[in-house]
Amino acid sequence: MKSPKHNRITQRLLTTGLLCVTSSAFAATVPAGTELAADQTLVRNNGSEPSSLDPHKVESDVEANIIKDMFEGLVSVNVDGQVEPRLAEKWEEENNTVWTFHLRPGVTWSDGTAITAQDIVWSWQRLVGSPYATYPANMHIVNAAEIADGKKAPDTLGVKALNDTTLQVTLTQPNAAFLPMLAHQSMVPVDKILIARFGDKWTQPEHIVTSGPYKLSQWVVNERIMAQRNPRYWDDAHTIINTVTYLPIASETADVNRYRAGEIDITSTVPINQFASLKKTLGDQVNVKPQLATYYYQFNTTKPPFNDPRVRRALNMALDKEIIAQKVLGQGQRAAWLLSQSDIGGVKLTNPDYASWPMEKRISEAQKLLEAAGFGKDHPLTFNLLYNTQESHQRIAIAASSMWKKNLGVEVKLQNQEWKTMLDNMHTGNFDVVRYAWIADYDDASTFLNNFRTGDSENTSRYSSPAFDEALINASKAKDVAERGKYYQQAEDSLGQDVPAIPVYHYVRSHLVKPWVGGFNPDQLGYYYTKDMYIKKH
């Protein structure tokens with residue numbers, strides 16, 4: 001999941017037999033003695049204007065933050081990393097390759113019509129033609145890879161409705177991450193009839209139907225999106241907040257100012273240049289948690305000189321990431337030398353050798369690499385660094401360009417664009433180097449590494465390495481966590497040498513949260529759900 005600002009605990013379900021899960025621990029839990037406000041209204045800044053609210057046409061957390069409030073899939077993953085039933089009440093599996101899900105009795109869309117297993121089949125078939133087309137393939141659903149490659153029709157996908165309330169999914173091989181991967185927002189059902197009737201306009205407030213606790217009620221572009229509580233939601237009895245507003249404020253300064261003025265309950269982030277002072281003055285209102293997410297600078301590996309891995313590796317080695325993480329940011333972020341994470345999905349991965357070298361040695365070796373590639377004082381490397389509009393991205397870009405200038409004599413021109421424009425240019429290859437970030441879709445290294453596989457729809461670096469691809473294939477077939485980790489290490493080793501992208505830092509998620517907001521508890525992917533929250537009397 002890409003992020004303009006900057007995903008789950010893997011379940012080890014590798015035994016045959018029956019898995020039947022039910023739970024009643026959903027949504028807002030109010031401590032005894034807490035007095036609730038009469039007005040249960042929440043305002044949260046979402047950071048940017050969403051490109052769409054169609055779950056199959058979006059790619060970033062800007063959209064996912066809203067979609068996750070309005071739509072549900074078969075399961076979710078809670079803050080403790082446990083898979084919980086949502087639209088599916090229970091499920092069972094055979095040999096970890098045939099999964100059968102049973103929908104909750106009487107579950108409906110927000111207009112009262114039934115949500116059926118056929119809706120999910122149609123939605124997943126539609127998904128394989130979307131920006132997340134390769135996601136079902138990464139789950140190892142039968143024929144998903146062939147459909148994504150255009151070799152088979154969507155209706156051959158390995159999912160079928162046994163009846164209106166029973167769905168069967170067949171995998172090509174066991175996948176330990178299958179259940180948590182189902183929690184991704186691209187896997188939610190959408191209404192076939194509605195889309196046939198209204199086309200791209202089906203997500204407008206007057207047309208949309210949703211499956212989650214909230215329903216879109218207003219969308220004023222570049223001003224606000226509002227959603228109202230959905231009384232037909234299956235767990236509405238445990239929902240407390242009645243109205244939620246999402247603001248598209250990209251300016252971190254404006255975000256804080258409106259928070260201080262009482263117009264916002266939860267900010268999108270905390271500005272790095274105000275973090276220390278806000279922590280001092282607002283104390284516990286500053287909320288910081290680790291996040292499975294990596295910030296990186298991605299190369300266009302098909303465009304000279306970045307088709308030369310020596311150039312890419314030199315720029316990686318000459319970047320002082322500790323200074324960026326600790327001084328430029330300073331909120332608990334960690335310097336990154338891996339595109340995934342050092343501790344993820346039960347696997348521990350090690351950095352490239354050069355990550356442990358003294359900075360002086362790294363710079364010296366980087367200079368030699370650039371010289372070998374034909375660059376030096378008489379012929380300096382010059383390129384454009386593209387980032388989307390936000391103060392923190394600008395500060396990091398200024399710091400990185402200064403380091404490259406000082407250490408390598410490189411000339412960097414900074415370019416900033418709005419998020420949607422930057423995405424368009426990235427997908428069309430209209431960039432030299434672009435700021436990017438990936439939030440884990442689930443707790444496994446593959447959620448990061450798949451983005452660099454040959455032909456993957458998210459591989460906008462155009463990187464291609466047979467050794468890297470083979471390592472990921474072997475990891476997907478691994479019989480246990482230790483073997484999977486061995487192949488993930490091989491994949492990261494390839495990235496450490498080829499450097500299609502420079503890992504800069506691993507995220508924390510920071511927000512300002514009003515003291516009257518209860519139930520605010522982001523998961524390790526950084527998501528927090530309006531249905532889990534409530535407004536205390538104040």
# chains A, B, ... in the order shown; residues from 1 in each chain; ligands from 1
call {"tool": "closest_atom_pairs", "arguments": {"of": "range 87-178 of chain A", "to": "range 189-198 of chain A", "cutoff": "8 Å", "atoms": "only C-alpha atoms", "output": "CSV"}}
result
residue,atom,partner,partner_atom,distance
A:Asp119,CA,A:Pro189,CA,6.1
A:Ile120,CA,A:Pro189,CA,4.9
A:Trp122,CA,A:Lys192,CA,7.2
A:Ser123,CA,A:Pro189,CA,5.3
A:Trp124,CA,A:Pro189,CA,7.5
call {"tool": "write_last_selection", "arguments": {"atoms": "C-alpha atoms", "output": "PDB file, in the first residue's frame"}}
result
ATOM      1  CA  ASP A 119     -21.067 -10.515  -5.069  1.00  0.00           C
ATOM      2  CA  ILE A 120     -17.660 -11.491  -3.733  1.00  0.00           C
ATOM      3  CA  TRP A 122     -17.778 -10.919  -9.158  1.00  0.00           C
ATOM      4  CA  SER A 123     -15.809  -8.354  -7.146  1.00  0.00           C
ATOM      5  CA  TRP A 124     -12.650 -10.433  -7.067  1.00  0.00           C
TER       6      TRP A 124
END
call {"tool": "select_by_dssp", "arguments": {"residues": "range 215-299 of chain A", "states": "strand (DSSP E)", "output": "PyMOL selection string"}}
result
chain A and resi 215-220+224-229+243-247+286-299
call {"tool": "residues_around", "arguments": {"residues": "range 286-293 of chain A", "least_positions_apart": "3", "cutoff": "7 Å", "atoms": "only C-alpha atoms", "output": "ChimeraX atom specification"}}
result
/A:7,279,282-283,438-440,506-513,524-526
call {"tool": "write_last_selection", "arguments": {"atoms": "C-alpha atoms", "output": "PDB file, in the first residue's frame"}}
result
ATOM      1  CA  ASN A   7       0.269  -4.894   6.671  1.00  0.00           C
ATOM      2  CA  LYS A 279       5.320  17.071  22.681  1.00  0.00           C
ATOM      3  CA  LEU A 282       0.504  18.921  24.398  1.00  0.00           C
ATOM      4  CA  GLY A 283       2.019  15.866  26.089  1.00  0.00           C
ATOM      5  CA  TRP A 438       5.084   1.397   1.018  1.00  0.00           C
ATOM      6  CA  ILE A 439       2.885   0.441   3.952  1.00  0.00           C
ATOM      7  CA  ALA A 440       2.745  -3.299   4.479  1.00  0.00           C
ATOM      8  CA  HIS A 506      11.286   2.857   8.478  1.00  0.00           C
ATOM      9  CA  TYR A 507       8.209   4.663   9.708  1.00  0.00           C
ATOM     10  CA  VAL A 508       6.507   5.578  12.867  1.00  0.00           C
ATOM     11  CA  ARG A 509       2.966   6.904  12.688  1.00  0.00           C
ATOM     12  CA  SER A 510       2.393  10.148  14.583  1.00  0.00           C
ATOM     13  CA  HIS A 511      -0.840  12.046  15.214  1.00  0.00           C
ATOM     14  CA  LEU A 512      -2.236  14.702  17.458  1.00  0.00           C
ATOM     15  CA  VAL A 513      -5.340  13.271  19.132  1.00  0.00           C
ATOM     16  CA  GLN A 524       0.830  -1.904  13.046  1.00  0.00           C
ATOM     17  CA  LEU A 525      -0.025  -0.940   9.491  1.00  0.00           C
ATOM     18  CA  GLY A 526      -1.001   2.507  10.786  1.00  0.00           C
TER      19      GLY A 526
END
call {"tool": "residues_around", "arguments": {"residues": "range 300-317 of chain A", "least_positions_apart": "4", "cutoff": "10 Å", "atoms": "only C-alpha atoms", "output": "CSV table (one decimal) with N, CA and C atoms, in the first residue's frame"}}
result
chain,number,residue,atom,x,y,z
A,321,LYS,N,21.7,8.1,6.3
A,321,LYS,CA,20.3,7.9,6.7
A,321,LYS,C,20.1,8.1,8.2
A,337,TRP,N,18.1,0.2,5.5
A,337,TRP,CA,18.9,-0.4,4.5
A,337,TRP,C,18.3,-1.6,3.7
A,354,TYR,N,27.7,-3.1,3.3
A,354,TYR,CA,28.2,-1.7,3.3
A,354,TYR,C,27.4,-0.8,4.3
A,355,ALA,N,26.2,-1.4,4.8
A,355,ALA,CA,25.5,-0.6,5.8
A,355,ALA,C,26.2,-0.4,7.1
A,357,TRP,N,29.5,-0.2,7.3
A,357,TRP,CA,30.8,0.5,7.1
A,357,TRP,C,30.8,1.9,7.7
A,359,MET,N,30.9,5.9,7.6
A,359,MET,CA,30.4,6.8,6.6
A,359,MET,C,31.5,7.2,5.6
A,361,LYS,N,34.1,5.5,4.6
A,361,LYS,CA,34.4,4.3,3.7
A,361,LYS,C,33.3,4.2,2.7
A,362,ARG,N,32.0,4.4,3.1
A,362,ARG,CA,30.9,4.3,2.2
A,362,ARG,C,31.0,5.4,1.1
A,363,ILE,N,31.4,6.6,1.5
A,363,ILE,CA,31.5,7.7,0.6
A,363,ILE,C,32.7,7.4,-0.4
A,364,SER,N,33.8,7.0,0.1
A,364,SER,CA,34.9,6.7,-0.8
A,364,SER,C,34.6,5.6,-1.8
A,365,GLU,N,33.9,4.6,-1.4
A,365,GLU,CA,33.5,3.5,-2.3
A,365,GLU,C,32.4,4.0,-3.3
A,366,ALA,N,31.5,4.9,-2.8
A,366,ALA,CA,30.5,5.5,-3.7
A,366,ALA,C,31.2,6.3,-4.8
A,367,GLN,N,32.2,7.1,-4.4
A,367,GLN,CA,32.9,7.9,-5.4
A,367,GLN,C,33.6,7.1,-6.5
A,368,LYS,N,34.1,5.9,-6.0
A,368,LYS,CA,34.7,5.0,-7.0
A,368,LYS,C,33.7,4.4,-8.0
A,369,LEU,N,32.5,4.1,-7.4
A,369,LEU,CA,31.5,3.5,-8.3
A,369,LEU,C,31.0,4.6,-9.3
A,370,LEU,N,30.9,5.8,-8.9
A,370,LEU,CA,30.4,6.9,-9.8
A,370,LEU,C,31.5,7.1,-10.9
A,371,GLU,N,32.8,7.1,-10.5
A,371,GLU,CA,33.8,7.3,-11.4
A,371,GLU,C,33.9,6.2,-12.5
A,372,ALA,N,33.7,5.0,-12.0
A,372,ALA,CA,33.7,3.9,-12.9
A,372,ALA,C,32.5,4.0,-13.9
A,373,ALA,N,31.4,4.6,-13.5
A,373,ALA,CA,30.2,4.8,-14.3
A,373,ALA,C,30.4,6.0,-15.2
A,374,GLY,N,31.5,6.8,-15.1
A,374,GLY,CA,31.7,7.9,-16.0
A,374,GLY,C,31.4,9.3,-15.4
A,375,PHE,N,31.2,9.4,-14.1
A,375,PHE,CA,30.9,10.7,-13.5
A,375,PHE,C,32.0,11.1,-12.5
A,381,LEU,N,27.1,14.1,-12.0
A,381,LEU,CA,25.8,13.4,-12.2
A,381,LEU,C,24.8,14.5,-11.8
A,382,THR,N,23.8,14.6,-12.7
A,382,THR,CA,22.6,15.5,-12.4
A,382,THR,C,21.3,14.8,-12.7
A,383,PHE,N,20.3,15.0,-11.8
A,383,PHE,CA,19.0,14.4,-12.0
A,383,PHE,C,18.0,15.2,-11.3
A,400,ALA,N,18.8,15.2,1.6
A,400,ALA,CA,19.4,14.1,0.8
A,400,ALA,C,20.2,14.8,-0.4
A,403,MET,N,23.4,16.1,1.0
A,403,MET,CA,24.4,15.0,1.2
A,403,MET,C,25.0,14.6,-0.1
A,404,TRP,N,24.2,14.4,-1.1
A,404,TRP,CA,24.8,13.9,-2.4
A,404,TRP,C,25.7,15.0,-3.0
A,407,ASN,N,29.0,14.9,-0.7
A,407,ASN,CA,29.7,13.7,-0.7
A,407,ASN,C,30.2,13.2,-2.1
A,408,LEU,N,29.4,13.5,-3.1
A,408,LEU,CA,29.6,13.0,-4.4
A,408,LEU,C,29.7,14.1,-5.5
A,410,VAL,N,27.1,15.6,-6.7
A,410,VAL,CA,25.9,15.4,-7.5
A,410,VAL,C,25.0,16.6,-7.5
A,426,MET,N,4.7,8.7,-12.2
A,426,MET,CA,5.5,7.5,-11.8
A,426,MET,C,5.0,6.3,-12.7
A,429,GLY,N,6.4,6.4,-16.2
A,429,GLY,CA,7.8,6.4,-16.3
A,429,GLY,C,8.4,7.8,-16.5
A,430,ASN,N,7.6,8.8,-16.2
A,430,ASN,CA,8.1,10.2,-16.4
A,430,ASN,C,8.8,10.8,-15.2
A,431,PHE,N,9.9,10.2,-14.8
A,431,PHE,CA,10.7,10.6,-13.7
A,431,PHE,C,12.1,10.0,-13.7
A,432,ASP,N,13.0,10.7,-13.0
A,432,ASP,CA,14.4,10.1,-12.8
A,432,ASP,C,14.4,9.3,-11.5
A,433,VAL,N,14.1,10.1,-10.4
A,433,VAL,CA,14.1,9.5,-9.1
A,433,VAL,C,12.8,10.1,-8.4
A,434,VAL,N,12.1,9.2,-7.7
A,434,VAL,CA,10.8,9.7,-7.1
A,434,VAL,C,10.7,9.2,-5.7
A,460,THR,N,7.0,0.1,-10.6
A,460,THR,CA,7.1,1.3,-11.4
A,460,THR,C,8.6,1.7,-11.5
A,461,SER,N,9.5,1.0,-10.8
A,461,SER,CA,10.9,1.2,-11.1
A,461,SER,C,11.4,0.5,-12.4
A,462,ARG,N,10.6,-0.4,-12.9
A,462,ARG,CA,10.9,-1.2,-14.1
A,462,ARG,C,12.1,-2.1,-13.8
A,463,TYR,N,12.4,-2.4,-12.6
A,463,TYR,CA,13.5,-3.3,-12.2
A,463,TYR,C,13.2,-4.7,-12.6
A,464,SER,N,14.2,-5.5,-13.1
A,464,SER,CA,14.0,-6.8,-13.5
A,464,SER,C,15.3,-7.6,-13.2
A,495,LEU,N,18.6,-6.8,-4.0
A,495,LEU,CA,18.2,-5.4,-3.9
A,495,LEU,C,19.3,-4.6,-3.4
A,496,GLY,N,20.1,-5.1,-2.4
A,496,GLY,CA,21.2,-4.4,-1.8
A,496,GLY,C,22.3,-4.1,-2.9
A,497,GLN,N,22.5,-5.0,-3.8
A,497,GLN,CA,23.5,-4.8,-4.9
A,497,GLN,C,22.9,-4.0,-6.0
A,498,ASP,N,21.7,-4.3,-6.4
A,498,ASP,CA,21.1,-3.6,-7.6
A,498,ASP,C,20.5,-2.3,-7.3
A,499,VAL,N,20.0,-2.1,-6.1
A,499,VAL,CA,19.4,-0.8,-5.6
A,499,VAL,C,18.4,-0.2,-6.6
A,500,PRO,N,17.3,-0.9,-6.9
A,500,PRO,CA,16.3,-0.2,-7.8
A,500,PRO,C,15.6,1.0,-7.0
A,501,ALA,N,15.7,0.9,-5.7
A,501,ALA,CA,15.2,2.0,-4.8
A,501,ALA,C,16.1,2.1,-3.6
A,502,ILE,N,16.3,3.3,-3.1
A,502,ILE,CA,17.1,3.6,-1.9
A,502,ILE,C,16.2,3.6,-0.7
A,503,PRO,N,16.3,2.6,0.2
A,503,PRO,CA,15.5,2.6,1.5
A,503,PRO,C,16.1,3.8,2.3
A,504,VAL,N,15.2,4.7,2.8
A,504,VAL,CA,15.7,5.8,3.6
A,504,VAL,C,15.4,5.6,5.1
call {"tool": "closest_residue", "arguments": {"among": "A:His379, A:His56, A:Lys477, A:His393", "to": "Thr172 in chain A", "atoms": "only C-alpha atoms"}}
result
A:Lys477
call {"tool": "residues_around", "arguments": {"residues": "range 137-141 of chain A", "least_positions_apart": "3", "cutoff": "6 Å", "atoms": "only C-alpha atoms", "output": "JSON, numbers by chain"}}
result
{"A": [134, 144, 145, 158, 170, 171, 172, 178]}
call {"tool": "residues_around", "arguments": {"residues": "Gly518 in chain A", "least_positions_apart": "4", "cutoff": "9 Å", "atoms": "only C-alpha atoms", "output": "list in words"}}
result
Ala28, Thr29, Val30, Lys514, Asp532, Met533, Tyr534, Ile535 and Lys536 of chain A
